[in-house]
file final-v2.csv (CSV, C-alpha atoms)
chain,number,residue,atom,x,y,z
A,3,MET,CA,-45.3,78.6,35.4
A,4,SER,CA,-42.2,80.7,36.0
A,5,ASP,CA,-39.8,80.4,38.9
A,6,ILE,CA,-39.0,84.1,38.8
A,7,THR,CA,-40.4,86.1,41.7
A,8,GLU,CA,-41.4,89.7,40.8
A,9,ASP,CA,-40.9,92.8,43.0
A,10,VAL,CA,-43.9,94.5,41.4
A,11,LEU,CA,-46.9,93.1,39.6
A,12,VAL,CA,-48.9,95.1,37.0
A,13,ASP,CA,-52.1,93.4,36.2
A,14,ALA,CA,-53.1,95.0,32.8
A,15,ARG,CA,-55.4,92.2,31.8
A,16,GLU,CA,-58.5,93.5,29.9
A,17,LEU,CA,-56.8,96.8,29.1
A,18,MET,CA,-56.2,97.7,25.5
A,19,CYS,CA,-53.4,99.6,23.8
A,20,PRO,CA,-51.8,101.8,24.9
A,21,MET,CA,-52.8,101.2,28.5
A,22,PRO,CA,-50.7,98.1,29.3
A,23,VAL,CA,-47.5,99.9,28.4
A,24,MET,CA,-48.7,103.0,30.3
A,25,ALA,CA,-49.3,100.9,33.4
A,26,ALA,CA,-45.9,99.3,33.0
A,27,THR,CA,-44.2,102.7,32.6
A,28,LYS,CA,-45.8,104.1,35.7
A,29,ALA,CA,-44.8,101.1,37.7
A,30,ALA,CA,-41.2,101.0,36.3
A,31,ARG,CA,-40.7,104.7,37.2
A,32,ARG,CA,-41.2,103.9,40.8
A,33,MET,CA,-38.8,100.9,40.8
A,34,ASP,CA,-35.1,100.6,41.5
A,35,PRO,CA,-32.8,99.4,38.6
A,36,GLY,CA,-32.4,95.6,38.7
A,37,GLN,CA,-35.8,94.9,40.2
A,38,VAL,CA,-38.2,92.6,38.5
A,39,LEU,CA,-41.5,93.8,37.1
A,40,LYS,CA,-44.2,91.3,36.1
A,41,VAL,CA,-46.8,92.5,33.6
A,42,MET,CA,-49.9,90.5,32.8
A,43,ALA,CA,-51.9,91.4,29.7
A,44,THR,CA,-54.6,90.0,27.5
A,45,ASP,CA,-54.3,92.6,24.6
A,46,LYS,CA,-52.5,90.6,21.9
A,47,GLY,CA,-50.8,93.9,20.9
A,48,ALA,CA,-48.8,93.5,24.1
A,49,LEU,CA,-46.8,90.7,22.4
A,50,SER,CA,-45.0,93.3,20.4
A,51,ASP,CA,-45.6,96.3,22.6
A,52,ILE,CA,-44.1,95.1,25.8
A,53,PRO,CA,-40.8,93.9,24.3
A,54,ALA,CA,-40.4,97.1,22.2
A,55,TRP,CA,-41.3,99.2,25.3
A,56,ALA,CA,-38.7,97.3,27.4
A,57,GLU,CA,-36.0,97.7,24.8
A,58,SER,CA,-36.7,101.4,24.3
A,59,ASN,CA,-36.3,102.1,28.0
A,60,GLY,CA,-33.2,100.0,28.6
A,61,HIS,CA,-35.1,97.3,30.5
A,62,GLU,CA,-34.5,93.6,29.9
A,63,LEU,CA,-37.2,91.2,29.1
A,64,ILE,CA,-36.1,88.1,31.0
A,65,GLU,CA,-39.1,85.8,30.4
A,66,GLN,CA,-42.3,85.8,28.5
A,67,LEU,CA,-45.0,83.1,28.7
A,68,THR,CA,-48.6,82.5,27.9
A,69,VAL,CA,-50.9,81.1,30.6
A,70,GLY,CA,-54.3,80.4,29.1
A,71,SER,CA,-55.3,83.7,27.6
A,72,ASP,CA,-52.9,85.7,29.8
A,73,LEU,CA,-49.7,87.1,28.4
A,74,VAL,CA,-47.1,87.3,31.1
A,75,PHE,CA,-43.8,89.2,30.9
A,76,PHE,CA,-41.0,89.4,33.4
A,77,ILE,CA,-38.8,92.5,33.0
A,78,ARG,CA,-35.7,93.5,34.8
A,79,THR,CA,-35.6,97.3,35.1
A,80,GLY,CA,-32.6,99.1,33.7
A,81,THR,CA,-30.9,102.2,34.7
A,82,PRO,CA,-32.5,105.3,33.2
A,83,ASP,CA,-30.2,107.3,30.9
B,18,MET,CA,-1.5,114.3,2.4
B,19,SER,CA,-1.4,111.6,5.0
B,20,ALA,CA,-0.3,111.4,8.6
B,21,GLU,CA,0.4,108.3,10.5
B,22,ILE,CA,-1.4,108.2,13.8
B,23,MET,CA,0.2,106.1,16.5
B,24,THR,CA,-1.7,104.2,19.2
B,25,THR,CA,-0.7,104.5,22.8
B,26,ASP,CA,1.5,101.4,22.5
B,27,ASN,CA,3.2,103.1,19.5
B,28,THR,CA,1.9,100.8,16.8
B,29,PRO,CA,0.2,102.4,13.8
B,30,LEU,CA,-3.6,102.4,13.7
B,31,THR,CA,-5.0,99.8,11.3
B,32,GLU,CA,-8.0,100.4,9.1
B,33,ASP,CA,-10.0,98.1,11.4
B,34,ASP,CA,-9.1,100.3,14.4
B,35,VAL,CA,-10.3,103.4,12.6
B,36,ARG,CA,-13.6,101.7,11.5
B,37,ARG,CA,-14.2,100.5,15.1
B,38,ILE,CA,-13.5,104.0,16.6
B,39,VAL,CA,-15.7,105.8,14.1
B,40,LYS,CA,-18.5,103.2,14.7
B,41,GLU,CA,-18.3,103.7,18.5
B,42,GLU,CA,-18.1,107.5,18.3
B,43,VAL,CA,-21.0,107.7,15.8
B,44,GLY,CA,-23.1,105.3,17.9
B,45,ALA,CA,-22.5,107.3,21.0
B,46,ALA,CA,-23.3,110.6,19.2
B,47,LEU,CA,-26.6,109.1,17.8
B,48,LYS,CA,-27.6,108.0,21.3
B,49,LYS,CA,-27.3,111.6,22.5
B,50,ASP,CA,-29.3,112.9,19.5
B,51,PRO,CA,-32.2,114.8,21.2
B,52,GLY,CA,-34.3,114.1,18.1
B,53,MET,CA,-34.5,110.5,19.0
B,54,LYS,CA,-36.2,111.4,22.3
B,55,THR,CA,-38.5,114.1,21.1
B,56,GLY,CA,-41.9,113.9,19.4
B,57,ALA,CA,-44.3,116.5,18.1
B,58,ILE,CA,-47.8,115.8,17.1
B,59,VAL,CA,-50.5,118.1,15.5
B,60,ALA,CA,-54.1,117.2,16.4
B,61,SER,CA,-56.3,119.0,13.9
B,62,LYS,CA,-59.5,117.0,14.0
B,63,GLY,CA,-62.4,117.4,16.4
B,64,THR,CA,-64.4,114.2,16.1
B,65,LEU,CA,-64.6,111.3,18.5
B,66,ASP,CA,-62.9,108.9,16.2
B,67,TRP,CA,-60.0,111.2,15.4
B,68,ALA,CA,-59.5,112.2,19.0
B,69,TYR,CA,-58.0,108.8,19.8
B,70,PRO,CA,-55.0,108.5,17.5
B,71,PRO,CA,-53.0,111.6,18.6
B,72,LEU,CA,-53.7,110.8,22.3
B,73,ILE,CA,-52.8,107.1,22.0
B,74,LEU,CA,-49.7,107.9,20.0
B,75,ALA,CA,-48.6,110.6,22.5
B,76,ASN,CA,-49.1,108.2,25.4
B,77,ALA,CA,-47.1,105.5,23.6
B,78,ALA,CA,-44.3,107.9,22.7
B,79,ALA,CA,-44.1,109.0,26.4
B,80,ALA,CA,-44.0,105.3,27.5
B,81,VAL,CA,-41.0,104.6,25.3
B,82,GLY,CA,-39.2,107.5,26.9
B,83,MET,CA,-39.9,110.4,24.6
B,84,ASP,CA,-40.7,114.0,25.4
B,85,VAL,CA,-43.9,114.7,23.5
B,86,SER,CA,-45.8,117.8,22.7
B,87,VAL,CA,-49.3,117.7,21.1
B,88,PHE,CA,-50.4,120.9,19.4
B,89,PHE,CA,-54.2,121.1,19.2
B,90,THR,CA,-55.4,123.4,16.5
B,91,PHE,CA,-58.6,124.2,14.6
B,92,TYR,CA,-61.2,121.5,15.4
B,93,GLY,CA,-58.6,119.6,17.4
B,94,LEU,CA,-59.3,122.1,20.2
B,95,ASN,CA,-62.4,120.0,21.0
B,96,VAL,CA,-60.2,117.3,22.4
B,97,VAL,CA,-58.8,119.5,25.2
B,98,HIS,CA,-61.9,121.5,25.8
B,99,LYS,CA,-63.6,121.1,29.2
B,100,ASP,CA,-66.7,119.9,27.4
B,101,PHE,CA,-64.9,117.4,25.3
B,102,GLU,CA,-67.4,114.6,26.3
B,103,LYS,CA,-70.2,116.6,24.6
B,104,LYS,CA,-68.2,118.1,21.8
B,105,LEU,CA,-66.6,114.9,20.4
B,106,LYS,CA,-69.0,113.2,18.1
B,107,VAL,CA,-68.8,111.0,15.1
B,108,ASP,CA,-70.9,111.5,12.0
B,109,PRO,CA,-71.6,108.5,9.8
B,110,VAL,CA,-72.4,110.8,6.8
B,111,GLY,CA,-69.6,110.7,4.3
B,112,ASN,CA,-67.8,108.1,6.4
B,113,PRO,CA,-68.1,104.8,4.5
B,114,ALA,CA,-65.5,103.2,6.7
B,115,MET,CA,-67.5,103.4,9.8
B,116,PRO,CA,-68.9,100.0,10.8
B,117,MET,CA,-72.7,100.1,11.0
B,118,PRO,CA,-74.9,97.3,12.4
B,119,VAL,CA,-76.8,97.1,9.1
B,120,PRO,CA,-75.8,98.8,5.8
B,121,MET,CA,-77.5,102.2,5.6
B,122,PRO,CA,-77.7,104.7,2.7
B,123,ASP,CA,-76.5,108.2,3.4
B,124,LEU,CA,-80.1,109.5,3.2
B,125,VAL,CA,-80.8,107.5,6.4
B,126,THR,CA,-77.5,108.4,8.2
B,127,ALA,CA,-78.3,112.0,7.5
B,128,MET,CA,-81.5,111.9,9.5
B,129,PRO,CA,-81.8,114.0,12.7
B,130,GLY,CA,-80.4,112.2,15.7
B,131,MET,CA,-78.0,110.0,13.8
B,132,VAL,CA,-74.9,111.8,14.9
B,133,THR,CA,-75.9,111.3,18.6
B,134,LEU,CA,-76.8,107.7,17.9
B,135,ALA,CA,-73.5,107.0,16.1
B,136,SER,CA,-71.5,108.7,18.8
B,137,LYS,CA,-73.2,106.6,21.5
B,138,MET,CA,-72.6,103.5,19.5
B,139,MET,CA,-68.9,104.2,19.0
B,140,LYS,CA,-68.4,105.1,22.7
B,141,LYS,CA,-70.1,101.8,23.7
B,142,ARG,CA,-68.1,99.8,21.2
B,143,PHE,CA,-64.9,101.2,22.6
B,144,SER,CA,-65.8,100.8,26.2
B,145,ASP,CA,-67.0,97.2,25.5
B,146,HIS,CA,-63.5,96.5,24.2
B,147,LYS,CA,-62.0,98.1,27.3
B,148,VAL,CA,-60.4,100.9,25.3
B,149,ALA,CA,-59.5,103.8,27.5
B,150,GLY,CA,-61.8,106.8,27.2
B,151,ILE,CA,-60.6,110.2,26.0
B,152,GLY,CA,-60.5,111.6,29.5
B,153,GLU,CA,-58.4,108.7,30.7
B,154,LEU,CA,-56.0,109.1,27.8
B,155,ILE,CA,-55.7,112.9,28.6
B,156,ASP,CA,-55.1,112.2,32.3
B,157,SER,CA,-52.5,109.6,31.4
B,158,ALA,CA,-50.7,111.9,29.0
B,159,LEU,CA,-50.5,114.7,31.6
B,160,GLU,CA,-49.2,112.3,34.2
B,161,MET,CA,-46.5,111.3,31.7
B,162,ASP,CA,-45.5,114.9,31.3
B,163,VAL,CA,-46.9,115.1,27.7
B,164,ARG,CA,-47.3,118.8,26.8
B,165,LEU,CA,-50.8,119.6,25.6
B,166,ILE,CA,-50.6,122.9,23.7
B,167,ALA,CA,-53.7,124.6,22.4
B,168,CYS,CA,-53.3,126.9,19.4
B,169,GLN,CA,-53.9,130.4,20.7
B,170,MET,CA,-54.9,131.8,17.3
B,171,THR,CA,-57.7,129.2,16.8
B,172,VAL,CA,-58.8,129.6,20.5
B,173,ASP,CA,-59.4,133.3,19.7
B,174,VAL,CA,-61.0,132.8,16.3
B,175,PHE,CA,-63.5,130.2,17.6
B,176,GLY,CA,-64.4,132.6,20.4
B,177,TYR,CA,-63.0,130.4,23.2
B,178,ASP,CA,-61.3,131.6,26.4
B,179,GLN,CA,-58.3,129.9,28.0
B,180,ALA,CA,-60.5,129.1,30.9
B,181,ASP,CA,-62.6,126.8,28.6
B,182,PHE,CA,-59.8,124.3,28.4
B,183,LEU,CA,-58.7,121.5,30.7
B,184,ASP,CA,-56.3,122.1,33.5
B,185,GLY,CA,-52.7,121.4,32.4
B,186,VAL,CA,-53.3,122.6,28.9
B,187,GLU,CA,-50.8,125.2,27.7
B,188,PHE,CA,-51.3,127.8,25.0
B,189,GLY,CA,-48.9,128.7,22.2
B,190,GLY,CA,-48.5,129.6,18.6
B,191,ALA,CA,-47.3,127.9,15.5
B,192,ALA,CA,-43.7,129.1,15.9
B,193,ALA,CA,-43.5,127.9,19.5
B,194,PHE,CA,-44.6,124.5,18.3
B,195,MET,CA,-42.2,124.5,15.4
B,196,ALA,CA,-39.3,125.2,17.8
B,197,GLU,CA,-40.2,121.9,19.4
B,198,ALA,CA,-41.0,120.1,16.1
B,199,ARG,CA,-37.6,121.0,14.5
B,200,LYS,CA,-35.9,119.1,17.3
B,201,SER,CA,-38.0,116.0,16.8
B,202,ASN,CA,-37.4,113.0,14.6
B,203,LEU,CA,-41.0,112.1,15.1
B,204,THR,CA,-43.5,114.6,13.8
B,205,LEU,CA,-47.1,113.6,13.0
B,206,PHE,CA,-50.1,115.5,11.6
B,207,VAL,CA,-53.4,114.0,12.6
call {"tool": "encode", "arguments": {"input": "final-v2.csv", "output": "structure tokens"}}
result
Amino acid sequence: MSDITEDVLVDARELMCPMPVMAATKAARRMDPGQVLKVMATDKGALSDIPAWAESNGHELIEQLTVGSDLVFFIRTGTPD
Amino acid sequence: MSAEIMTTDNTPLTEDDVRRIVKEEVGAALKKDPGMKTGAIVASKGTLDWAYPPLILANAAAAVGMDVSVFFTFYGLNVVHKDFEKKLKVDPVGNPAMPMPVPMPDLVTAMPGMVTLASKMMKKRFSDHKVAGIGELIDSALEMDVRLIACQMTVDVFGYDQADFLDGVEFGGAAAFMAEARKSNLTLFV
């Protein structure tokens, strides 16, 4: 388990591409820069999609772990440019 | 001809300085390139299977921070028609890539009712896998400010009216779309 505490949780488990990144995007838009977003997914595509999405948007992927079949990502939101 | 450029502390610029400055300036200019942030997609197909790719890609492009326009033309108009649920079907005839529960010759897949059956099967398979439906992908795209543009010429040719299309759909011509597309590094024809 992670010792990071998230500000916002997006539970995108069971959703398939592109819905996990869409849910993450919609959540991140409402967050302040520097807050932590936790995304949970089961779509294996998220393993490459969430890191690529974070980088494209200037967010920082601070931790990524697998808990059973859940893929868990902690992302620190960046400043929109 | 050469000119010696001095730095602020009055020492001549070295080759390394020049390389660093050029790299920084080019990097900064590329980041400002609007083409990096703009995408233009043509959706020309009106079947259930081909309705997915342009919508999924438009959503993903918006999620990575791009301004996206999708130009629906010819049969692609089906995707943004108010009756898209009824209009979008998949035909197994001439589509050898379509997975069937048992192998079937074309003569069987050409039987009456097979298009409806195949369309139902595909919808079920997608929803069993929790893939978002077409309506959900359209709503998501609009929420992400993706521009959905219906080709006015084909709207007229096919006898449609602007009121036949979903709320949020814009209407435009090829030149209006090209004005967007020429600014985009990402252009896709589906």
call {"tool": "closest_atom_pairs", "arguments": {"input": "final-v2.csv", "of": "chain B", "to": "chain A", "cutoff": "8 Å", "atoms": "all atoms listed in the file", "output": "Markdown table"}}
result
| residue | atom | partner | partner_atom | distance |
| --- | --- | --- | --- | --- |
| B:Ile73 | CA | A:Pro20 | CA | 6.1 |
| B:Asn76 | CA | A:Pro20 | CA | 7.0 |
| B:Ala77 | CA | A:Pro20 | CA | 6.1 |
| B:Ala80 | CA | A:Thr27 | CA | 5.7 |
| B:Val81 | CA | A:Trp55 | CA | 5.4 |
| B:Gly82 | CA | A:Asn59 | CA | 6.2 |
| B:His146 | CA | A:Met18 | CA | 7.5 |
| B:Lys147 | CA | A:Leu17 | CA | 5.7 |
| B:Val148 | CA | A:Met18 | CA | 5.3 |
| B:Ala149 | CA | A:Met18 | CA | 7.2 |
| B:Ser157 | CA | A:Met24 | CA | 7.7 |
call {"tool": "write_last_selection", "arguments": {"input": "final-v2.csv", "atoms": "C-alpha atoms", "output": "compact mmCIF listing (two decimals), in the coordinates of the input"}}
result
# COMPACT_ATOMS: atom_id res chain seq x y z
CA ILE B 73 -52.80 107.10 22.00
CA ASN B 76 -49.10 108.20 25.40
CA ALA B 77 -47.10 105.50 23.60
CA ALA B 80 -44.00 105.30 27.50
CA VAL B 81 -41.00 104.60 25.30
CA GLY B 82 -39.20 107.50 26.90
CA HIS B 146 -63.50 96.50 24.20
CA LYS B 147 -62.00 98.10 27.30
CA VAL B 148 -60.40 100.90 25.30
CA ALA B 149 -59.50 103.80 27.50
CA SER B 157 -52.50 109.60 31.40
call {"tool": "residues_near_point", "arguments": {"input": "final-v2.csv", "point": "(-41.0, 114.9, 25.4)", "cutoff": "12 Å", "atoms": "all atoms listed in the file", "output": "CSV table (one decimal) with C-alpha atoms, keeping the file's coordinate frame"}}
result
chain,number,residue,atom,x,y,z
B,51,PRO,CA,-32.2,114.8,21.2
B,52,GLY,CA,-34.3,114.1,18.1
B,53,MET,CA,-34.5,110.5,19.0
B,54,LYS,CA,-36.2,111.4,22.3
B,55,THR,CA,-38.5,114.1,21.1
B,56,GLY,CA,-41.9,113.9,19.4
B,57,ALA,CA,-44.3,116.5,18.1
B,58,ILE,CA,-47.8,115.8,17.1
B,75,ALA,CA,-48.6,110.6,22.5
B,76,ASN,CA,-49.1,108.2,25.4
B,77,ALA,CA,-47.1,105.5,23.6
B,78,ALA,CA,-44.3,107.9,22.7
B,79,ALA,CA,-44.1,109.0,26.4
B,80,ALA,CA,-44.0,105.3,27.5
B,81,VAL,CA,-41.0,104.6,25.3
B,82,GLY,CA,-39.2,107.5,26.9
B,83,MET,CA,-39.9,110.4,24.6
B,84,ASP,CA,-40.7,114.0,25.4
B,85,VAL,CA,-43.9,114.7,23.5
B,86,SER,CA,-45.8,117.8,22.7
B,87,VAL,CA,-49.3,117.7,21.1
B,158,ALA,CA,-50.7,111.9,29.0
B,159,LEU,CA,-50.5,114.7,31.6
B,161,MET,CA,-46.5,111.3,31.7
B,162,ASP,CA,-45.5,114.9,31.3
B,163,VAL,CA,-46.9,115.1,27.7
B,164,ARG,CA,-47.3,118.8,26.8
B,165,LEU,CA,-50.8,119.6,25.6
B,197,GLU,CA,-40.2,121.9,19.4
B,198,ALA,CA,-41.0,120.1,16.1
B,200,LYS,CA,-35.9,119.1,17.3
B,201,SER,CA,-38.0,116.0,16.8
B,202,ASN,CA,-37.4,113.0,14.6
B,203,LEU,CA,-41.0,112.1,15.1
B,204,THR,CA,-43.5,114.6,13.8
call {"tool": "closest_residue", "arguments": {"input": "final-v2.csv", "among": "A:Ile52, A:Lys40, A:Ser71, A:Lys46", "to": "Ser4 in chain A", "atoms": "all atoms listed in the file"}}
result
A:Lys40
call {"tool": "closest_residue", "arguments": {"input": "final-v2.csv", "among": "B:Val96, B:Ala45, B:Met195, B:Ala135", "to": "Ile155 in chain B", "atoms": "only C-alpha atoms"}}
result
B:Val96
call {"tool": "residues_around", "arguments": {"input": "final-v2.csv", "residues": "Phe206 in chain B", "least_positions_apart": "4", "cutoff": "12 Å", "atoms": "all atoms listed in the file", "output": "PyMOL selection string"}}
result
chain B and resi 56-62+67+70-71+74+87-90+93+198
call {"tool": "atom_distance", "arguments": {"input": "final-v2.csv", "atom1": "CA of Asp184 in chain B", "atom2": "CA of Leu72 in chain B"}}
result
16.1 Å
call {"tool": "residues_around", "arguments": {"input": "final-v2.csv", "residues": "Leu73 in chain A", "least_positions_apart": "5", "cutoff": "8 Å", "atoms": "all atoms listed in the file", "output": "JSON, numbers by chain"}}
result
{"A": [42, 43, 44, 46, 48, 49, 66, 67, 68]}
call {"tool": "atom_distance", "arguments": {"input": "final-v2.csv", "atom1": "CA of Met170 in chain B", "atom2": "CA of Gly190 in chain B"}}
result
6.9 Å
call {"tool": "atom_distance", "arguments": {"input": "final-v2.csv", "atom1": "CA of Ala127 in chain B", "atom2": "CA of Val172 in chain B"}}
result
29.3 Å
call {"tool": "closest_residue", "arguments": {"input": "final-v2.csv", "among": "B:Asp66, B:Glu32, B:Glu153, B:Glu21", "to": "Asn112 in chain B", "atoms": "all atoms listed in the file"}}
result
B:Asp66
call {"tool": "closest_residue", "arguments": {"input": "final-v2.csv", "among": "A:Ile77, A:Ile64, A:Gly47, A:Pro53", "to": "Val12 in chain A", "atoms": "only C-alpha atoms"}}
result
A:Ile77
call {"tool": "residues_around", "arguments": {"input": "final-v2.csv", "residues": "Lys140 in chain B", "least_positions_apart": "6", "cutoff": "12 Å", "atoms": "all atoms listed in the file", "output": "list of chain:residue names"}}
result
B:Thr64, B:Leu65, B:Asp66, B:Ala68, B:Tyr69, B:Glu102, B:Lys103, B:Leu105, B:Lys106, B:Val107, B:Thr133, B:Leu134, B:His146, B:Lys147, B:Val148, B:Ala149, B:Gly150, B:Ile151
call {"tool": "residues_around", "arguments": {"input": "final-v2.csv", "residues": "Thr7 in chain A", "least_positions_apart": "2", "cutoff": "10 Å", "atoms": "all atoms listed in the file", "output": "PyMOL selection string"}}
result
chain A and resi 4-5+9-11+38-40+76
call {"tool": "build_atoms", "arguments": {"input": "final-v2.csv", "residues": "range 125-141 of chain B", "atoms": "N, CA and C atoms", "output": "compact mmCIF listing (two decimals), keeping the file's coordinate frame"}}
result
# COMPACT_ATOMS: atom_id res chain seq x y z
N VAL B 125 -80.33 107.89 5.06
CA VAL B 125 -80.80 107.50 6.40
C VAL B 125 -79.79 108.01 7.45
N THR B 126 -78.49 107.90 7.18
CA THR B 126 -77.50 108.40 8.20
C THR B 126 -77.56 109.87 8.36
N ALA B 127 -78.17 110.57 7.39
CA ALA B 127 -78.30 112.00 7.50
C ALA B 127 -79.48 112.47 8.30
N MET B 128 -80.30 111.51 8.76
CA MET B 128 -81.50 111.90 9.50
C MET B 128 -81.15 112.51 10.85
N PRO B 129 -82.05 113.36 11.38
CA PRO B 129 -81.80 114.00 12.70
C PRO B 129 -81.58 112.90 13.75
N GLY B 130 -80.64 113.14 14.64
CA GLY B 130 -80.40 112.20 15.70
C GLY B 130 -79.36 111.14 15.43
N MET B 131 -78.98 111.02 14.14
CA MET B 131 -78.00 110.00 13.80
C MET B 131 -76.64 110.21 14.33
N VAL B 132 -76.24 111.50 14.42
CA VAL B 132 -74.90 111.80 14.90
C VAL B 132 -74.81 111.37 16.40
N THR B 133 -75.87 111.70 17.16
CA THR B 133 -75.90 111.30 18.60
C THR B 133 -75.88 109.80 18.71
N LEU B 134 -76.68 109.14 17.87
CA LEU B 134 -76.80 107.70 17.90
C LEU B 134 -75.41 107.04 17.58
N ALA B 135 -74.81 107.52 16.50
CA ALA B 135 -73.50 107.00 16.10
C ALA B 135 -72.45 107.20 17.12
N SER B 136 -72.49 108.38 17.75
CA SER B 136 -71.50 108.70 18.80
C SER B 136 -71.65 107.77 19.98
N LYS B 137 -72.90 107.53 20.35
CA LYS B 137 -73.20 106.60 21.50
C LYS B 137 -72.69 105.21 21.15
N MET B 138 -72.98 104.80 19.90
CA MET B 138 -72.60 103.50 19.50
C MET B 138 -71.06 103.29 19.53
N MET B 139 -70.35 104.33 19.05
CA MET B 139 -68.90 104.20 19.00
C MET B 139 -68.33 104.19 20.46
N LYS B 140 -68.88 105.04 21.34
CA LYS B 140 -68.40 105.10 22.70
C LYS B 140 -68.64 103.69 23.38
N LYS B 141 -69.80 103.09 23.09
CA LYS B 141 -70.10 101.80 23.70
C LYS B 141 -69.18 100.73 23.15
